[in-house]
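Containing CSV, C-alpha atoms: input_13.csv.
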```csv
chain,number,residue,atom,x,y,z
A,1,MET,CA,0.0,0.0,0.0
A,2,GLY,CA,1.3,3.4,-0.9
A,3,GLN,CA,1.7,6.1,1.6
A,4,GLU,CA,-1.2,8.5,1.7
A,5,GLU,CA,-0.1,12.0,0.5
A,6,THR,CA,-1.0,15.0,2.5
A,7,PRO,CA,-2.6,17.6,0.4
A,8,VAL,CA,-0.5,20.8,0.1
A,9,THR,CA,-2.4,24.0,0.6
A,10,ASP,CA,-0.9,27.4,-0.1
A,11,THR,CA,-1.2,29.8,2.9
A,12,LYS,CA,-0.8,33.5,2.3
A,13,PRO,CA,0.9,35.4,5.1
A,14,LEU,CA,-1.4,37.9,6.9
A,15,SER,CA,-0.9,41.5,5.9
A,16,GLU,CA,-1.6,44.5,8.2
A,17,ARG,CA,-5.0,44.8,6.6
A,18,ASP,CA,-6.0,41.3,7.6
A,19,LEU,CA,-5.3,41.7,11.3
A,20,ARG,CA,-8.3,41.8,13.6
A,21,VAL,CA,-9.2,45.0,15.4
A,22,SER,CA,-10.2,45.6,19.0
A,23,ASP,CA,-13.1,47.6,20.5
A,24,ASP,CA,-10.7,50.3,21.4
A,25,GLU,CA,-9.6,50.7,17.8
A,26,ARG,CA,-13.2,50.9,16.6
A,27,GLU,CA,-14.0,53.5,19.3
A,28,HIS,CA,-10.9,55.5,18.3
A,29,VAL,CA,-12.1,55.6,14.6
A,30,VAL,CA,-15.5,56.8,15.8
A,31,GLY,CA,-13.7,59.6,17.6
A,32,VAL,CA,-11.8,60.5,14.4
A,33,LEU,CA,-15.2,60.6,12.6
A,34,GLN,CA,-16.5,63.0,15.2
A,35,LYS,CA,-13.5,65.3,14.4
A,36,ALA,CA,-14.4,65.0,10.7
A,37,ILE,CA,-18.0,66.1,11.2
A,38,GLY,CA,-16.7,69.0,13.4
A,39,ARG,CA,-14.5,70.2,10.5
A,40,GLY,CA,-17.4,69.9,8.0
A,41,MET,CA,-15.7,67.1,6.1
A,42,ILE,CA,-18.8,64.8,6.4
A,43,ASP,CA,-22.5,65.4,7.2
A,44,LEU,CA,-24.6,63.8,9.9
A,45,ASP,CA,-25.9,61.1,7.6
A,46,GLU,CA,-22.4,60.1,6.5
A,47,PHE,CA,-21.2,60.2,10.2
A,48,THR,CA,-24.0,57.7,11.1
A,49,GLU,CA,-23.3,55.4,8.2
A,50,ARG,CA,-19.5,55.4,8.7
A,51,THR,CA,-19.9,54.9,12.4
A,52,ASP,CA,-22.0,51.8,11.8
A,53,ARG,CA,-19.4,50.5,9.4
A,54,ALA,CA,-16.6,51.2,11.9
A,55,LEU,CA,-18.3,49.4,14.7
A,56,ALA,CA,-19.0,46.4,12.5
A,57,SER,CA,-15.4,46.2,11.2
A,58,ARG,CA,-13.5,43.0,11.9
A,59,THR,CA,-10.2,43.8,10.2
A,60,ARG,CA,-7.9,46.8,9.9
A,61,GLY,CA,-8.6,46.9,6.2
A,62,GLU,CA,-12.3,47.3,6.8
A,63,LEU,CA,-11.7,49.8,9.6
A,64,ASN,CA,-9.3,51.9,7.6
A,65,ALA,CA,-11.6,52.1,4.6
A,66,VAL,CA,-14.0,54.1,6.7
A,67,LEU,CA,-11.4,56.9,6.8
A,68,ALA,CA,-9.7,56.4,3.5
A,69,ASP,CA,-11.0,59.6,1.8
A,70,LEU,CA,-10.7,61.9,4.8
A,71,ALA,CA,-7.5,63.9,4.2
A,72,GLY,CA,-5.3,64.2,7.3
A,73,LEU,CA,-7.5,62.0,9.4
A,74,TYR,CA,-6.7,58.3,9.7
A,75,HIS,CA,-6.4,55.5,12.1
A,76,PRO,CA,-2.9,55.3,13.6
A,77,ALA,CA,-2.4,51.7,12.4
A,78,ALA,CA,-3.3,52.8,8.9
A,79,ALA,CA,-0.6,55.5,9.2
A,80,VAL,CA,2.0,52.9,9.9
A,81,ALA,CA,0.8,50.6,7.1
A,82,ALA,CA,0.7,53.5,4.6
A,83,ALA,CA,4.2,54.7,5.2
A,84,PRO,CA,6.3,54.0,2.1
A,85,ALA,CA,9.3,51.6,2.4
A,86,TYR,CA,12.1,53.9,1.2
A,87,ALA,CA,15.4,52.6,-0.1
A,88,PRO,CA,18.6,54.5,-0.9
A,89,PRO,CA,19.1,55.4,-4.6
A,90,THR,CA,20.7,52.8,-6.8
A,91,GLY,CA,24.4,52.6,-6.3
A,92,TYR,CA,24.3,54.3,-2.9
A,93,SER,CA,24.8,52.1,0.2
A,94,GLY,CA,23.4,54.7,2.7
A,95,TYR,CA,24.8,55.9,5.9
A,96,PRO,CA,26.4,53.4,8.4
A,97,ALA,CA,24.0,52.6,11.2
A,98,GLY,CA,24.5,54.8,14.2
A,99,GLN,CA,26.6,57.4,12.4
A,100,ARG,CA,25.6,61.0,13.2
A,101,PHE,CA,25.5,63.2,10.1
A,102,GLU,CA,25.9,66.9,10.5
A,103,LEU,CA,24.5,69.8,8.5
A,104,ASN,CA,26.2,73.2,9.2
A,105,ALA,CA,25.5,76.7,8.0
A,106,LYS,CA,26.2,80.3,9.2
A,107,TYR,CA,24.7,83.5,7.9
A,108,SER,CA,23.0,81.5,5.2
A,109,SER,CA,20.0,79.4,4.3
A,110,LEU,CA,20.1,75.6,4.9
A,111,HIS,CA,17.6,73.6,2.8
A,112,ARG,CA,17.1,69.9,2.3
A,113,GLY,CA,14.2,68.6,0.2
A,114,GLY,CA,13.2,66.3,-2.6
A,115,PRO,CA,14.3,62.6,-2.6
A,116,TRP,CA,17.2,63.2,-0.2
A,117,VAL,CA,18.6,60.3,1.9
A,118,VAL,CA,18.0,60.8,5.6
A,119,PRO,CA,20.3,59.0,8.2
A,120,SER,CA,19.0,57.7,11.5
A,121,GLU,CA,20.8,60.5,13.4
A,122,LEU,CA,21.1,64.0,12.1
A,123,VAL,CA,22.6,67.1,13.7
A,124,VAL,CA,21.6,70.5,12.3
A,125,ARG,CA,23.6,73.7,13.2
A,126,ASN,CA,22.7,77.1,11.8
A,127,LYS,CA,23.5,80.6,13.1
A,128,TYR,CA,21.9,83.7,11.7
A,129,GLY,CA,20.2,81.8,8.9
A,130,SER,CA,17.0,80.0,8.1
A,131,THR,CA,16.7,76.2,8.0
A,132,LYS,CA,14.2,74.1,6.1
A,133,LEU,CA,14.1,70.3,6.2
A,134,ASP,CA,11.4,68.8,3.9
A,135,PHE,CA,10.9,65.1,4.5
A,136,THR,CA,8.0,64.8,2.1
A,137,GLU,CA,9.9,62.8,-0.5
A,138,ALA,CA,12.9,61.8,1.7
A,139,GLN,CA,14.4,58.4,1.6
A,140,VAL,CA,14.5,57.5,5.3
A,141,GLN,CA,16.8,54.7,6.4
A,142,SER,CA,15.1,53.9,9.7
A,143,PRO,CA,11.6,54.1,11.3
A,144,VAL,CA,12.9,56.6,13.9
A,145,VAL,CA,15.1,59.6,13.0
A,146,HIS,CA,16.8,61.5,15.7
A,147,ILE,CA,17.4,65.2,14.9
A,148,GLU,CA,19.5,67.4,17.1
A,149,LEU,CA,18.9,71.1,16.5
A,150,ASP,CA,21.3,74.0,17.3
A,151,ALA,CA,19.7,77.1,15.8
A,152,LYS,CA,20.5,80.7,16.8
A,153,TRP,CA,18.8,83.8,15.4
A,154,GLY,CA,17.0,82.0,12.6
A,155,SER,CA,13.9,80.1,11.7
A,156,VAL,CA,13.6,76.3,11.4
A,157,GLU,CA,10.9,74.8,9.3
A,158,ILE,CA,10.3,71.0,9.3
A,159,ILE,CA,7.9,69.4,6.9
A,160,ILE,CA,6.8,65.8,7.5
A,161,PRO,CA,4.4,63.5,5.5
A,162,GLU,CA,0.9,63.0,6.9
A,163,HIS,CA,1.7,59.4,7.9
A,164,ALA,CA,4.7,60.5,10.0
A,165,ALA,CA,4.9,62.0,13.5
A,166,VAL,CA,7.2,64.1,15.6
A,167,ASP,CA,8.3,64.0,19.2
A,168,VAL,CA,9.4,67.5,20.5
A,169,ASN,CA,9.4,66.6,24.2
A,170,ALA,CA,13.2,66.6,24.4
A,171,ILE,CA,13.7,70.2,23.0
A,172,SER,CA,15.6,71.5,26.0
A,173,ASP,CA,15.7,75.2,25.4
A,174,VAL,CA,13.5,77.7,23.5
A,175,THR,CA,14.8,81.2,24.2
A,176,LEU,CA,13.5,84.4,22.7
A,177,GLY,CA,11.7,82.2,20.2
A,178,SER,CA,8.7,79.9,19.6
A,179,LEU,CA,7.9,76.3,18.9
A,180,GLU,CA,4.7,75.4,16.9
A,181,ASP,CA,3.7,71.9,15.9
A,182,LYS,CA,1.0,72.4,13.2
A,183,THR,CA,0.8,68.7,12.6
A,184,ARG,CA,-0.4,68.0,16.1
A,185,SER,CA,1.4,64.7,15.9
A,186,ASN,CA,3.6,65.0,18.9
A,187,GLY,CA,3.4,61.8,21.0
A,188,ARG,CA,1.2,60.0,18.4
A,189,MET,CA,1.9,57.0,16.3
A,190,GLY,CA,3.6,57.6,13.0
A,191,ASN,CA,6.1,56.2,10.6
A,192,PRO,CA,8.7,57.5,10.3
A,193,ARG,CA,8.9,59.2,13.7
A,194,TYR,CA,11.1,62.3,14.0
A,195,VAL,CA,12.5,62.8,17.5
A,196,LEU,CA,13.8,66.4,17.9
A,197,THR,CA,16.2,67.5,20.6
A,198,GLY,CA,18.4,70.5,21.1
A,199,ARG,CA,17.7,74.2,21.4
A,200,ILE,CA,16.2,77.2,19.5
A,201,HIS,CA,17.6,80.6,20.4
A,202,GLY,CA,16.2,83.8,19.0
A,203,GLY,CA,14.0,82.1,16.3
A,204,SER,CA,11.1,79.9,15.6
A,205,LEU,CA,10.6,76.2,15.0
A,206,VAL,CA,7.6,75.3,12.9
A,207,ILE,CA,6.6,71.7,12.1
A,208,ARG,CA,3.9,71.2,9.4
A,209,HIS,CA,2.5,68.9,6.8
A,210,PRO,CA,3.0,69.6,3.0
A,211,ARG,CA,0.7,72.3,1.8
A,212,ARG,CA,-2.0,71.3,-0.6
A,213,GLY,CA,-3.4,73.2,-3.5
A,214,LEU,CA,-2.2,75.1,-6.5
A,215,PHE,CA,0.5,77.1,-4.8
A,216,GLY,CA,1.9,74.3,-2.6
```

Step by step, read the file and then write its structure as C-alpha cells.
Amino acid sequence: MGQEETPVTDTKPLSERDLRVSDDEREHVVGVLQKAIGRGMIDLDEFTERTDRALASRTRGELNAVLADLAGLYHPAAAVAAAPAYAPPTGYSGYPAGQRFELNAKYSSLHRGGPWVVPSELVVRNKYGSTKLDFTEAQVQSPVVHIELDAKWGSVEIIIPEHAAVDVNAISDVTLGSLEDKTRSNGRMGNPRYVLTGRIHGGSLVIRHPRRGLFG
C-alpha cells in the first residue's frame, strides 16, 4: 500500500490589513469621525453610516476604509501601514548605522528637500540663517530619525508627511523664540517618527505637513 499523500495548501501570510481590530480601535475611529464632522468634512448622515461600518469592522482593512477619503484623518495603524518603504538610490549604500551626520551653516539658508537620503541620526547647526528640512519625498533609512537642532537667530521649518509623526518633548531650550507643531502629531503613532532634541535661540521652530493646492 502506498503512503497517503497529505494535500498541500498554499497559505498567504497575513498582511496588516487582515489583522483583527479591537473595540478600542473601533472607538478610536468613531472619535476620528467626530472630528471630521466637526470640520465639515462629512455630514450627519455620513457620520452615522460610517460609524455603523466602523463598529461592524472586523479587520484593519475594513476599519481603515471608513477613513480612506478623509485627508489628514486616519487610524494610527493605517498610518504605519501606509508609510512607504524607502530605499537609498541605486548605487548608494546609505549611511552606516548609528553614524551622526551633520549639516552646518552660518549667515546663510540651509535647505534639504526632494528625494534626499536621511540617516537615522542628524545634527543641524545654523547661526543667523534659516533652515528648512522637507521630508515629504525623503528616503528615510530607519523608522525613527533623531534630529538634534542647534539654531540661533534664525527660523527652522520642518515638513513631514501625513503618515509621519514628531516628538518634541526633548527640546531642551527655546529662548526668545517659539515652537509650533502644526501637525499635532507630537506623541502620536507615525512612521517615520522624527524625534527632535536641542535648542532654539532667537528664532522659531515650525513643524507642518506639506501644503495642498495650486501654490503648494

Would you write out, as a Markdown table, a table of all residues in stretch 132-152 of chain A that have an atom no more than 12 Å from an atom of stretch 97-106 of chain A, listing for each the closest atom pair and the distance in Å to one decimal, considering all atoms listed in the file and ordering rows by chain and rising residue number?
```
| residue | atom | partner | partner_atom | distance |
| --- | --- | --- | --- | --- |
| A:Lys132 | CA | A:Leu103 | CA | 11.4 |
| A:Leu133 | CA | A:Leu103 | CA | 10.7 |
| A:Gln141 | CA | A:Ala97 | CA | 8.9 |
| A:Ser142 | CA | A:Ala97 | CA | 9.1 |
| A:Val144 | CA | A:Gly98 | CA | 11.7 |
| A:Val145 | CA | A:Arg100 | CA | 10.6 |
| A:His146 | CA | A:Arg100 | CA | 9.2 |
| A:Ile147 | CA | A:Arg100 | CA | 9.4 |
| A:Glu148 | CA | A:Glu102 | CA | 9.2 |
| A:Leu149 | CA | A:Leu103 | CA | 9.9 |
| A:Asp150 | CA | A:Asn104 | CA | 9.5 |
| A:Ala151 | CA | A:Ala105 | CA | 9.7 |
| A:Lys152 | CA | A:Lys106 | CA | 9.5 |
```

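Picture a line from atom CA of A:Thr48 to atom CA of A:Glu62; it runs 16.2 Å.
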
**OP:** Rounded to one decimal place, report the atom CA of A:Arg184-atom CA of A:Pro161 distance in Å.
**Re:**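 Spanning atom CA of A:Arg184 to atom CA of A:Pro161 is a straight-line distance of 12.5 Å.
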
Subject >> Given only C-alpha atoms as the counted atoms, nearest of A:Trp153, A:Phe135, A:Tyr128, A:Tyr194 to A:Trp116 >> reply: A:Phe135

Original post:
At what distance in Å, to one decimal, does atom CA of A:Glu25 lie from atom CA of A:Ser57?
Top reply: 9.9 Å

**OP:** Can you pull out every residue within 12 Å of A:Arg199, counting only C-alpha atoms, but drop anything in the same chain fewer than 2 positions away, and send it as a ChimeraX atom specification?
**Re:** /A:123-127,147-156,168-179,196-197,201-205

Original post:
Counting all atoms listed in the file, which of A:Gly114, A:Ile158, A:Val66, A:Leu122 gets nearest to A:Ala138?
Top reply: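 Closest residue, counting all atoms listed in the file: A:Gly114.
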
Original post:
Between A:Thr51, A:Gly31, A:Ala56, A:Asn64, which is the closest to A:Asp18 once you count only C-alpha atoms?
Top reply: A:Asn64

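The residue that comes closest to A:Gly190, out of A:Asp69, A:Asp167, A:Asp43, A:Glu137 and on the basis of only C-alpha atoms, is A:Asp167.
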
Which residues are near A:Ile207? Cut-off 8 Å, all atoms listed in the file, ignore same chain within fewer than 5 positions. Put them as an mmCIF file with C-alpha atoms, in the frame of the given file.
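Result went into selection27.cif, see below:
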```cif
data_model
loop_
_atom_site.group_PDB
_atom_site.id
_atom_site.type_symbol
_atom_site.label_atom_id
_atom_site.label_comp_id
_atom_site.auth_asym_id
_atom_site.auth_seq_id
_atom_site.Cartn_x
_atom_site.Cartn_y
_atom_site.Cartn_z
ATOM 1 C CA GLU A 157 10.900 74.800 9.300
ATOM 2 C CA ILE A 158 10.300 71.000 9.300
ATOM 3 C CA ILE A 159 7.900 69.400 6.900
ATOM 4 C CA ILE A 160 6.800 65.800 7.500
ATOM 5 C CA GLU A 180 4.700 75.400 16.900
ATOM 6 C CA ASP A 181 3.700 71.900 15.900
ATOM 7 C CA LYS A 182 1.000 72.400 13.200
ATOM 8 C CA THR A 183 0.800 68.700 12.600
#
```

Original post:
Pick from A:Val195, A:Val118, A:Leu67, A:Leu44: nearest to A:Val29, with only C-alpha atoms counted?
Top reply: A:Leu67

Kindly complete stretch 33-63 of chain A to N, CA and C atoms; the output should be written as a short mmCIF file (atom, residue, chain, number, x, y, z; two decimals), in the frame of the given file.
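File produced: rebuild06.cif:
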```cif
data_model
loop_
_atom_site.label_atom_id
_atom_site.label_comp_id
_atom_site.auth_asym_id
_atom_site.auth_seq_id
_atom_site.Cartn_x
_atom_site.Cartn_y
_atom_site.Cartn_z
N LEU A 33 -14.02 60.21 13.36
CA LEU A 33 -15.20 60.60 12.60
C LEU A 33 -15.87 61.83 13.21
N GLN A 34 -15.87 61.88 14.53
CA GLN A 34 -16.50 63.00 15.20
C GLN A 34 -15.66 64.31 14.89
N LYS A 35 -14.34 64.18 14.77
CA LYS A 35 -13.50 65.30 14.40
C LYS A 35 -13.85 65.73 12.94
N ALA A 36 -14.08 64.73 12.08
CA ALA A 36 -14.40 65.00 10.70
C ALA A 36 -15.69 65.78 10.53
N ILE A 37 -16.70 65.40 11.30
CA ILE A 37 -18.00 66.10 11.20
C ILE A 37 -17.84 67.52 11.80
N GLY A 38 -16.98 67.68 12.80
CA GLY A 38 -16.70 69.00 13.40
C GLY A 38 -16.04 69.93 12.41
N ARG A 39 -15.24 69.37 11.48
CA ARG A 39 -14.50 70.20 10.50
C ARG A 39 -15.35 70.36 9.21
N GLY A 40 -16.55 69.78 9.17
CA GLY A 40 -17.40 69.90 8.00
C GLY A 40 -16.99 69.00 6.84
N MET A 41 -16.20 67.97 7.12
CA MET A 41 -15.70 67.10 6.10
C MET A 41 -16.83 66.03 5.70
N ILE A 42 -17.69 65.70 6.64
CA ILE A 42 -18.80 64.80 6.40
C ILE A 42 -20.04 65.37 7.08
N ASP A 43 -21.24 64.97 6.59
CA ASP A 43 -22.50 65.40 7.20
C ASP A 43 -22.95 64.39 8.23
N LEU A 44 -24.08 64.68 8.86
CA LEU A 44 -24.60 63.80 9.90
C LEU A 44 -24.94 62.42 9.41
N ASP A 45 -25.54 62.37 8.21
CA ASP A 45 -25.90 61.10 7.60
C ASP A 45 -24.67 60.21 7.36
N GLU A 46 -23.62 60.85 6.81
CA GLU A 46 -22.40 60.10 6.50
C GLU A 46 -21.73 59.66 7.85
N PHE A 47 -21.79 60.53 8.85
CA PHE A 47 -21.20 60.20 10.20
C PHE A 47 -21.91 58.91 10.70
N THR A 48 -23.24 58.87 10.61
CA THR A 48 -24.00 57.70 11.10
C THR A 48 -23.64 56.46 10.33
N GLU A 49 -23.58 56.58 9.00
CA GLU A 49 -23.30 55.40 8.20
C GLU A 49 -21.87 54.90 8.40
N ARG A 50 -20.91 55.82 8.48
CA ARG A 50 -19.50 55.40 8.70
C ARG A 50 -19.30 54.85 10.11
N THR A 51 -20.01 55.41 11.08
CA THR A 51 -19.90 54.90 12.40
C THR A 51 -20.40 53.45 12.51
N ASP A 52 -21.51 53.17 11.82
CA ASP A 52 -22.00 51.80 11.80
C ASP A 52 -21.01 50.86 11.16
N ARG A 53 -20.39 51.31 10.07
CA ARG A 53 -19.40 50.50 9.40
C ARG A 53 -18.16 50.25 10.29
N ALA A 54 -17.76 51.31 11.01
CA ALA A 54 -16.60 51.20 11.90
C ALA A 54 -16.85 50.19 13.01
N LEU A 55 -18.01 50.27 13.62
CA LEU A 55 -18.30 49.40 14.70
C LEU A 55 -18.54 47.94 14.29
N ALA A 56 -18.85 47.76 12.99
CA ALA A 56 -19.00 46.40 12.50
C ALA A 56 -17.75 45.83 11.85
N SER A 57 -16.69 46.64 11.78
CA SER A 57 -15.40 46.20 11.20
C SER A 57 -14.77 45.10 11.97
N ARG A 58 -14.24 44.12 11.26
CA ARG A 58 -13.50 43.00 11.90
C ARG A 58 -12.01 43.13 11.69
N THR A 59 -11.59 43.68 10.55
CA THR A 59 -10.20 43.80 10.20
C THR A 59 -9.75 45.22 10.06
N ARG A 60 -8.43 45.45 10.06
CA ARG A 60 -7.90 46.80 9.90
C ARG A 60 -8.22 47.33 8.50
N GLY A 61 -8.24 46.44 7.51
CA GLY A 61 -8.60 46.90 6.20
C GLY A 61 -9.97 47.46 6.11
N GLU A 62 -10.93 46.79 6.75
CA GLU A 62 -12.30 47.30 6.80
C GLU A 62 -12.40 48.57 7.57
N LEU A 63 -11.68 48.64 8.69
CA LEU A 63 -11.70 49.80 9.60
C LEU A 63 -11.10 51.03 8.89
#
```
